[in-house]
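Listing of query_36.txt, compact mmCIF, C-alpha atoms
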```
# COMPACT_ATOMS: atom_id res chain seq x y z
CA MET A 1 106.19 130.93 93.58
CA LYS A 2 104.58 131.29 97.00
CA THR A 3 103.30 127.72 96.79
CA ALA A 4 106.74 126.42 95.80
CA THR A 5 108.47 128.31 98.63
CA VAL A 6 106.02 127.16 101.29
CA LEU A 7 106.11 123.53 100.15
CA ILE A 8 109.93 123.45 99.86
CA VAL A 9 110.33 124.79 103.41
CA ALA A 10 107.66 122.28 104.52
CA ILE A 11 109.39 119.21 103.11
CA ILE A 12 112.83 120.31 104.31
CA SER A 13 111.39 120.71 107.85
CA GLN A 14 109.80 117.28 107.53
CA ALA A 15 113.02 115.59 106.39
CA ILE A 16 115.14 117.21 109.14
CA GLY A 17 112.37 116.51 111.67
CA ASN A 18 112.37 112.82 110.74
CA VAL A 19 116.17 112.63 111.05
CA TYR A 20 116.01 114.15 114.57
CA LEU A 21 113.14 111.83 115.56
CA THR A 22 115.10 108.80 114.38
CA LYS A 23 118.24 109.95 116.20
CA ALA A 24 116.24 110.56 119.39
CA MET A 25 114.45 107.22 119.31
CA LYS A 26 117.68 105.31 118.60
CA ALA A 27 119.27 107.14 121.55
CA VAL A 28 116.33 106.12 123.74
CA ARG A 29 116.89 102.53 122.76
CA ALA A 30 120.65 102.79 123.31
CA ALA A 31 120.00 104.22 126.80
CA GLY A 32 119.04 100.66 127.65
CA ALA A 33 115.49 101.04 128.88
CA GLY A 34 114.82 97.91 126.83
CA ASP A 35 111.37 96.44 127.03
CA ASP A 36 110.23 98.65 129.89
CA LEU A 37 107.70 100.79 128.03
CA MET A 38 107.31 103.31 130.85
CA ALA A 39 111.06 103.85 131.22
CA SER A 40 111.39 104.21 127.43
CA ALA A 41 108.60 106.80 127.35
CA LEU A 42 110.27 108.79 130.15
CA HIS A 43 113.62 108.71 128.32
CA ALA A 44 111.89 109.85 125.15
CA VAL A 45 110.05 112.76 126.80
CA GLY A 46 113.28 113.95 128.42
CA ASN A 47 115.15 113.96 125.11
CA PRO A 48 115.41 117.48 123.59
CA THR A 49 116.20 116.02 120.14
CA LEU A 50 112.79 114.37 120.17
CA TRP A 51 111.10 117.71 120.91
CA LEU A 52 113.10 119.40 118.16
CA GLY A 53 112.01 116.71 115.68
CA THR A 54 108.38 116.99 116.78
CA ALA A 55 108.47 120.80 116.49
CA LEU A 56 109.81 120.52 112.93
CA LEU A 57 107.02 118.09 112.02
CA ILE A 58 104.48 120.58 113.42
CA VAL A 59 106.07 123.26 111.21
CA PHE A 60 105.62 120.87 108.27
CA PHE A 61 101.95 120.29 109.03
CA ALA A 62 101.22 124.01 109.54
CA LEU A 63 102.83 124.91 106.19
CA TYR A 64 101.08 121.98 104.45
CA SER A 65 97.70 123.16 105.79
CA ALA A 66 98.51 126.78 104.86
CA ALA A 67 99.26 125.72 101.26
CA LEU A 68 95.89 123.94 101.17
CA SER A 69 94.20 127.27 101.94
CA TRP A 70 94.95 128.39 98.38
CA ALA A 71 96.27 125.43 96.36
CA ASP A 72 94.61 122.20 95.16
CA LEU A 73 94.90 119.09 97.34
CA SER A 74 95.55 117.10 94.16
CA PHE A 75 98.57 119.39 93.62
CA VAL A 76 99.92 119.72 97.17
CA LEU A 77 99.78 116.01 98.07
CA PRO A 78 101.84 114.62 95.18
CA ALA A 79 104.16 117.66 95.30
CA THR A 80 105.04 117.02 98.97
CA ALA A 81 105.87 113.41 97.99
CA PHE A 82 109.26 114.86 97.06
CA GLY A 83 109.78 114.67 100.82
CA TYR A 84 110.21 110.90 100.43
CA VAL A 85 113.23 111.54 98.22
CA LEU A 86 114.71 113.99 100.76
CA ASN A 87 114.07 111.45 103.53
CA VAL A 88 115.92 108.73 101.62
CA ALA A 89 118.85 111.10 100.97
CA ALA A 90 118.88 112.37 104.57
CA GLY A 91 118.77 108.81 105.92
CA HIS A 92 121.70 107.94 103.66
CA TYR A 93 123.91 110.96 104.43
CA PHE A 94 123.09 111.78 108.05
CA LEU A 95 122.10 108.42 109.51
CA ASN A 96 124.37 106.22 107.35
CA GLU A 97 121.45 104.04 106.29
CA SER A 98 122.09 101.83 103.30
CA VAL A 99 119.87 102.61 100.34
CA THR A 100 118.93 99.80 97.97
CA PRO A 101 118.87 100.30 94.17
CA ALA A 102 115.06 99.94 94.31
CA ARG A 103 114.91 102.94 96.67
CA TRP A 104 117.08 105.10 94.41
CA ALA A 105 114.87 104.04 91.46
CA GLY A 106 111.74 104.90 93.47
CA SER A 107 113.27 108.30 94.29
CA ALA A 108 113.96 108.99 90.61
CA ILE A 109 110.39 108.02 89.64
CA ILE A 110 108.92 110.25 92.38
CA THR A 111 111.09 113.15 91.21
CA LEU A 112 109.78 112.72 87.66
CA GLY A 113 106.19 112.49 88.94
CA VAL A 114 106.56 115.63 91.08
CA PHE A 115 108.04 117.46 88.09
CA LEU A 116 104.97 116.55 86.01
CA VAL A 117 102.54 117.56 88.78
CA SER A 118 104.36 120.88 89.24
CA ARG A 119 103.73 121.62 85.53
CA SER A 120 99.96 121.36 86.07
CA GLY A 121 99.32 124.62 87.97
CA ALA A 122 98.62 124.89 91.68
CA ARG A 123 94.95 125.85 91.53
CA THR A 124 92.24 124.71 89.14
CA ILE A 125 89.06 126.02 90.79
CA PRO A 126 88.36 129.76 90.70
CA ARG A 127 88.03 131.46 94.06
CA ALA A 128 84.28 132.11 93.70
CA GLU A 129 83.56 128.41 93.51
CA LEU A 130 85.52 127.53 96.61
CA LEU A 131 83.52 125.68 99.20
CA MET B 1 91.01 89.73 105.56
CA MET B 2 91.51 91.64 108.78
CA THR B 3 94.74 93.06 107.35
CA ALA B 4 92.97 94.22 104.19
CA ALA B 5 90.21 95.86 106.25
CA MET B 6 92.76 97.69 108.42
CA ILE B 7 94.76 98.88 105.40
CA ALA B 8 91.48 100.14 103.91
CA ILE B 9 90.92 102.18 107.09
CA VAL B 10 94.50 103.51 106.91
CA VAL B 11 94.11 104.57 103.27
CA LEU B 12 90.49 105.80 103.34
CA GLY B 13 90.97 107.53 106.71
CA GLY B 14 94.06 109.35 105.46
CA SER B 15 92.35 110.41 102.24
CA ALA B 16 89.16 111.54 103.99
CA GLY B 17 91.33 113.45 106.46
CA ASP B 18 93.14 115.28 103.64
CA VAL B 19 89.86 116.12 101.88
CA PHE B 20 88.26 117.53 105.06
CA ILE B 21 91.39 119.49 105.98
CA THR B 22 91.43 121.01 102.50
CA LYS B 23 87.72 121.87 102.80
CA GLY B 24 88.36 123.57 106.12
CA MET B 25 91.41 125.48 104.85
CA LYS B 26 89.51 126.67 101.77
CA GLN B 27 86.77 127.99 104.10
CA ILE B 28 89.43 129.90 106.05
CA GLY B 29 90.62 131.41 102.78
CA GLU B 30 94.05 132.13 101.38
CA ILE B 31 96.63 132.80 104.07
CA SER B 32 98.86 135.58 102.79
CA THR B 33 99.92 137.48 105.90
CA MET B 34 103.31 137.26 107.57
CA HIS B 35 102.15 139.34 110.54
CA LEU B 36 102.45 137.25 113.72
CA GLY B 37 99.33 138.58 115.42
CA LYS B 38 97.23 138.00 112.31
CA LEU B 39 98.71 134.52 111.90
CA ALA B 40 97.75 133.71 115.49
CA ARG B 41 94.18 134.75 114.73
CA VAL B 42 94.17 132.58 111.60
CA ALA B 43 95.52 129.65 113.65
CA LEU B 44 92.66 130.07 116.13
CA LYS B 45 90.15 130.07 113.24
CA VAL B 46 91.75 126.92 111.80
CA LEU B 47 91.77 125.06 115.12
CA THR B 48 88.07 125.78 115.64
CA ASN B 49 87.00 124.96 112.07
CA VAL B 50 84.69 121.92 112.10
CA ASN B 51 85.88 120.50 108.77
CA PHE B 52 89.52 120.86 109.81
CA LEU B 53 88.84 119.04 113.09
CA ILE B 54 86.92 116.25 111.30
CA GLY B 55 89.97 115.94 109.03
CA ILE B 56 92.30 115.62 112.02
CA PHE B 57 89.96 113.00 113.51
CA PHE B 58 90.09 110.90 110.31
CA MET B 59 93.88 111.24 110.21
CA ALA B 60 94.10 110.05 113.81
CA CYS B 61 91.90 107.01 112.97
CA SER B 62 94.17 106.28 110.01
CA PHE B 63 97.29 106.56 112.17
CA PHE B 64 95.95 104.26 114.91
CA ALA B 65 94.79 101.69 112.32
CA PHE B 66 98.34 101.90 110.89
CA LEU B 67 99.85 101.20 114.31
CA ALA B 68 97.38 98.37 114.94
CA VAL B 69 98.00 96.60 111.63
CA LEU B 70 101.77 96.85 112.20
CA SER B 71 101.31 94.77 115.34
CA TRP B 72 100.68 91.68 113.18
CA ALA B 73 101.56 92.52 109.55
CA ASP B 74 104.96 93.33 108.03
CA LEU B 75 105.85 96.99 107.54
CA SER B 76 107.27 96.00 104.14
CA PHE B 77 103.76 94.93 103.09
CA VAL B 78 101.76 97.66 104.81
CA LEU B 79 103.84 100.67 103.73
CA PRO B 80 103.79 100.05 99.94
CA ALA B 81 100.03 99.35 100.22
CA THR B 82 99.45 102.77 101.77
CA SER B 83 100.88 104.45 98.66
CA LEU B 84 97.39 103.76 97.24
CA SER B 85 96.28 106.79 99.23
CA PHE B 86 97.74 109.06 96.51
CA VAL B 87 95.22 107.65 94.03
CA ILE B 88 92.28 107.61 96.47
CA THR B 89 92.97 111.18 97.64
CA THR B 90 93.15 112.39 94.03
CA ILE B 91 89.74 110.78 93.35
CA GLY B 92 88.39 112.52 96.46
CA ALA B 93 89.86 115.84 95.32
CA LYS B 94 88.14 115.46 91.94
CA PHE B 95 84.68 114.40 93.09
CA VAL B 96 84.35 116.05 96.49
CA LEU B 97 86.47 119.18 96.08
CA LYS B 98 85.73 119.53 92.32
CA GLU B 99 89.38 119.98 91.45
CA GLU B 100 90.35 119.51 87.82
CA ILE B 101 92.79 116.67 87.34
CA SER B 102 94.58 117.27 84.05
CA ARG B 103 96.30 114.39 82.24
CA VAL B 104 99.71 115.74 83.22
CA ARG B 105 98.74 115.87 86.90
CA LEU B 106 97.21 112.39 86.73
CA ALA B 107 100.35 110.96 85.10
CA GLY B 108 102.57 112.67 87.68
CA THR B 109 100.44 111.38 90.56
CA ALA B 110 100.57 107.82 89.17
CA LEU B 111 104.38 108.03 88.97
CA VAL B 112 104.56 109.36 92.54
CA CYS B 113 102.37 106.45 93.71
CA LEU B 114 104.61 103.93 91.94
CA GLY B 115 107.79 105.56 93.26
CA VAL B 116 106.51 105.63 96.84
CA ALA B 117 105.60 101.94 96.60
CA LEU B 118 109.12 101.15 95.34
CA ILE B 119 110.78 103.19 98.12
CA SER B 120 108.69 101.44 100.78
CA LEU B 121 109.76 97.96 99.73
CA PRO B 122 112.37 96.37 102.02
```

Show this structure as structure tokens.
Amino acid sequence: MKTATVLIVAIISQAIGNVYLTKAMKAVRAAGAGDDLMASALHAVGNPTLWLGTALLIVFFALYSAALSWADLSFVLPATAFGYVLNVAAGHYFLNESVTPARWAGSAIITLGVFLVSRSGARTIPRAELL
Amino acid sequence: MMTAAMIAIVVLGGSAGDVFITKGMKQIGEISTMHLGKLARVALKVLTNVNFLIGIFFMACSFFAFLAVLSWADLSFVLPATSLSFVITTIGAKFVLKEEISRVRLAGTALVCLGVALISLP
């Protein structure tokens, strides 16, 4: 239950973080700095949406690492792959990206895979044998 | 050839990073406190754990190799190829971290790998 809660919050933070990052970077481009790398970087650093996105990705990584303090890597890694599905959905609904049939099919296959992994228990090595 | 070598660094670096980070986090032990002060102390322990830092280093190598390979190869080729990391990381988890990979978990991981490859196609 704890593992599920932590990982769900983690992947939601990641999906929202990626949406904000995309919005921020598109705004940087729209600001017309063009090919001037330095000007683009300055625009990016001054964009609060970019910081918000980055903060959410840090939240994701902290929660991901925390889950690894008690759960198997071979459980946590495929389980967080559900984030790909959220990212596709978020890109579709919030950023109006078009999603190809192959992407929806991939999302369905990932969902099935994550369901199977979640049936396999979060930890297989007893605490005494931990490194 | 160069592209294959770089993708190998992306995949192996990412997997090695995950394995070392897990090793470090297991040394820290289960985090179960919600107390802010205690969490800050745990964070300090994590950020000074050698295995965790080696893991971050590998992940950084993987990320920079990813950026480098994108400078000449198509994202639509590179991204599906990196879905291999699910398989490589699972092998690392089994042999380095001694995790038990049941059939159900293996099947689920294979599906995730396939699905991620499909999503990454253009």

Using all atoms listed in the file, find each residue of segment 18-124 of chain A with at least one atom at most 12 Å away from an atom of segment 44-55 of chain B; report its shortest atom-to-atom pair and that distance in Å (one decimal), sort the rows by chain and rising residue number, and return the result as JSON lines.
```
{"residue": "A:Ala62", "atom": "CA", "partner": "B:Val46", "partner_atom": "CA", "distance": 10.2}
{"residue": "A:Ser65", "atom": "CA", "partner": "B:Val46", "partner_atom": "CA", "distance": 9.3}
{"residue": "A:Ala66", "atom": "CA", "partner": "B:Val46", "partner_atom": "CA", "distance": 9.7}
{"residue": "A:Leu68", "atom": "CA", "partner": "B:Phe52", "partner_atom": "CA", "distance": 11.2}
{"residue": "A:Ser69", "atom": "CA", "partner": "B:Val46", "partner_atom": "CA", "distance": 10.2}
```

Tell me as a compact mmCIF listing (two decimals) with C-alpha atoms, in the frame of the given file which residues belonging to chain B come within 8 Å of chain A, counting only C-alpha atoms.
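result-v5.txt, written as the output of this step:
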```
# COMPACT_ATOMS: atom_id res chain seq x y z
CA ASP B 18 93.14 115.28 103.64
CA VAL B 19 89.86 116.12 101.88
CA ILE B 21 91.39 119.49 105.98
CA THR B 22 91.43 121.01 102.50
CA LYS B 23 87.72 121.87 102.80
CA MET B 25 91.41 125.48 104.85
CA LYS B 26 89.51 126.67 101.77
CA GLN B 27 86.77 127.99 104.10
CA ILE B 28 89.43 129.90 106.05
CA GLY B 29 90.62 131.41 102.78
CA GLU B 30 94.05 132.13 101.38
CA ILE B 31 96.63 132.80 104.07
CA PHE B 86 97.74 109.06 96.51
CA THR B 89 92.97 111.18 97.64
CA THR B 90 93.15 112.39 94.03
CA ALA B 93 89.86 115.84 95.32
CA LYS B 94 88.14 115.46 91.94
CA LEU B 97 86.47 119.18 96.08
CA LYS B 98 85.73 119.53 92.32
CA GLU B 99 89.38 119.98 91.45
CA GLU B 100 90.35 119.51 87.82
CA ILE B 101 92.79 116.67 87.34
CA SER B 102 94.58 117.27 84.05
CA VAL B 104 99.71 115.74 83.22
CA ARG B 105 98.74 115.87 86.90
CA LEU B 106 97.21 112.39 86.73
CA ALA B 107 100.35 110.96 85.10
CA GLY B 108 102.57 112.67 87.68
CA THR B 109 100.44 111.38 90.56
CA ALA B 110 100.57 107.82 89.17
CA LEU B 111 104.38 108.03 88.97
CA VAL B 112 104.56 109.36 92.54
CA CYS B 113 102.37 106.45 93.71
CA LEU B 114 104.61 103.93 91.94
CA GLY B 115 107.79 105.56 93.26
CA VAL B 116 106.51 105.63 96.84
CA ALA B 117 105.60 101.94 96.60
CA LEU B 118 109.12 101.15 95.34
CA ILE B 119 110.78 103.19 98.12
CA SER B 120 108.69 101.44 100.78
CA LEU B 121 109.76 97.96 99.73
```

Between atom CA of Gly92 of chain B and atom CA of Ser62 of chain B, distance in Å (one decimal): 16.0 Å

Nearby residues (only C-alpha atoms) at most 6 Å from Thr49 of chain A, same-chain spacing under 3 positions excluded, as number ranges by chain: A: 20, 24, 52

Å distance separating atom CA of Thr3 of chain A from atom CA of Ala40 of chain B, one decimal place: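 So the two atoms, atom CA of Thr3 of chain A and atom CA of Ala40 of chain B, lie 20.4 Å apart.
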
Expected residue set, 10 Å radius at (114.5, 109.9, 118.8), only C-alpha atoms, as a list of chain:residue names: A:Gly17, A:Asn18, A:Val19, A:Tyr20, A:Leu21, A:Thr22, A:Lys23, A:Ala24, A:Met25, A:Lys26, A:Ala27, A:Val28, A:Arg29, A:His43, A:Ala44, A:Val45, A:Asn47, A:Pro48, A:Thr49, A:Leu50, A:Trp51, A:Leu52, A:Gly53, A:Thr54

Can you write out the residues you just picked, keeping C-alpha atoms, as a compact mmCIF listing (two decimals), keeping the file's coordinate frame?
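Below is the file selection33.txt, written as the result:
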```
# COMPACT_ATOMS: atom_id res chain seq x y z
CA GLY A 17 112.37 116.51 111.67
CA ASN A 18 112.37 112.82 110.74
CA VAL A 19 116.17 112.63 111.05
CA TYR A 20 116.01 114.15 114.57
CA LEU A 21 113.14 111.83 115.56
CA THR A 22 115.10 108.80 114.38
CA LYS A 23 118.24 109.95 116.20
CA ALA A 24 116.24 110.56 119.39
CA MET A 25 114.45 107.22 119.31
CA LYS A 26 117.68 105.31 118.60
CA ALA A 27 119.27 107.14 121.55
CA VAL A 28 116.33 106.12 123.74
CA ARG A 29 116.89 102.53 122.76
CA HIS A 43 113.62 108.71 128.32
CA ALA A 44 111.89 109.85 125.15
CA VAL A 45 110.05 112.76 126.80
CA ASN A 47 115.15 113.96 125.11
CA PRO A 48 115.41 117.48 123.59
CA THR A 49 116.20 116.02 120.14
CA LEU A 50 112.79 114.37 120.17
CA TRP A 51 111.10 117.71 120.91
CA LEU A 52 113.10 119.40 118.16
CA GLY A 53 112.01 116.71 115.68
CA THR A 54 108.38 116.99 116.78
```

Point-to-point distance in Å for atom CA of Gly14 of chain B and atom CA of Ile11 of chain A: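 Separation of atom CA of Ile11 of chain A and atom CA of Gly14 of chain B: 18.4 Å.
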
Nearest to Val87 of chain B, chosen from B:Phe20, B:Ala5, B:Leu36, B:Leu12, with only C-alpha atoms counted in the distances: B:Leu12

Pick from A:Ile16, A:Leu42, A:Ala55, A:Ala122 nearest to Asn87 of chain A, counting all atoms listed in the file: A:Ile16

Answer as a PyMOL selection string, residues within 10 Å of (92.9, 99.6, 105.1) using only C-alpha atoms: chain B and resi 2-14+62+65-66+69+78+81-82+84-85
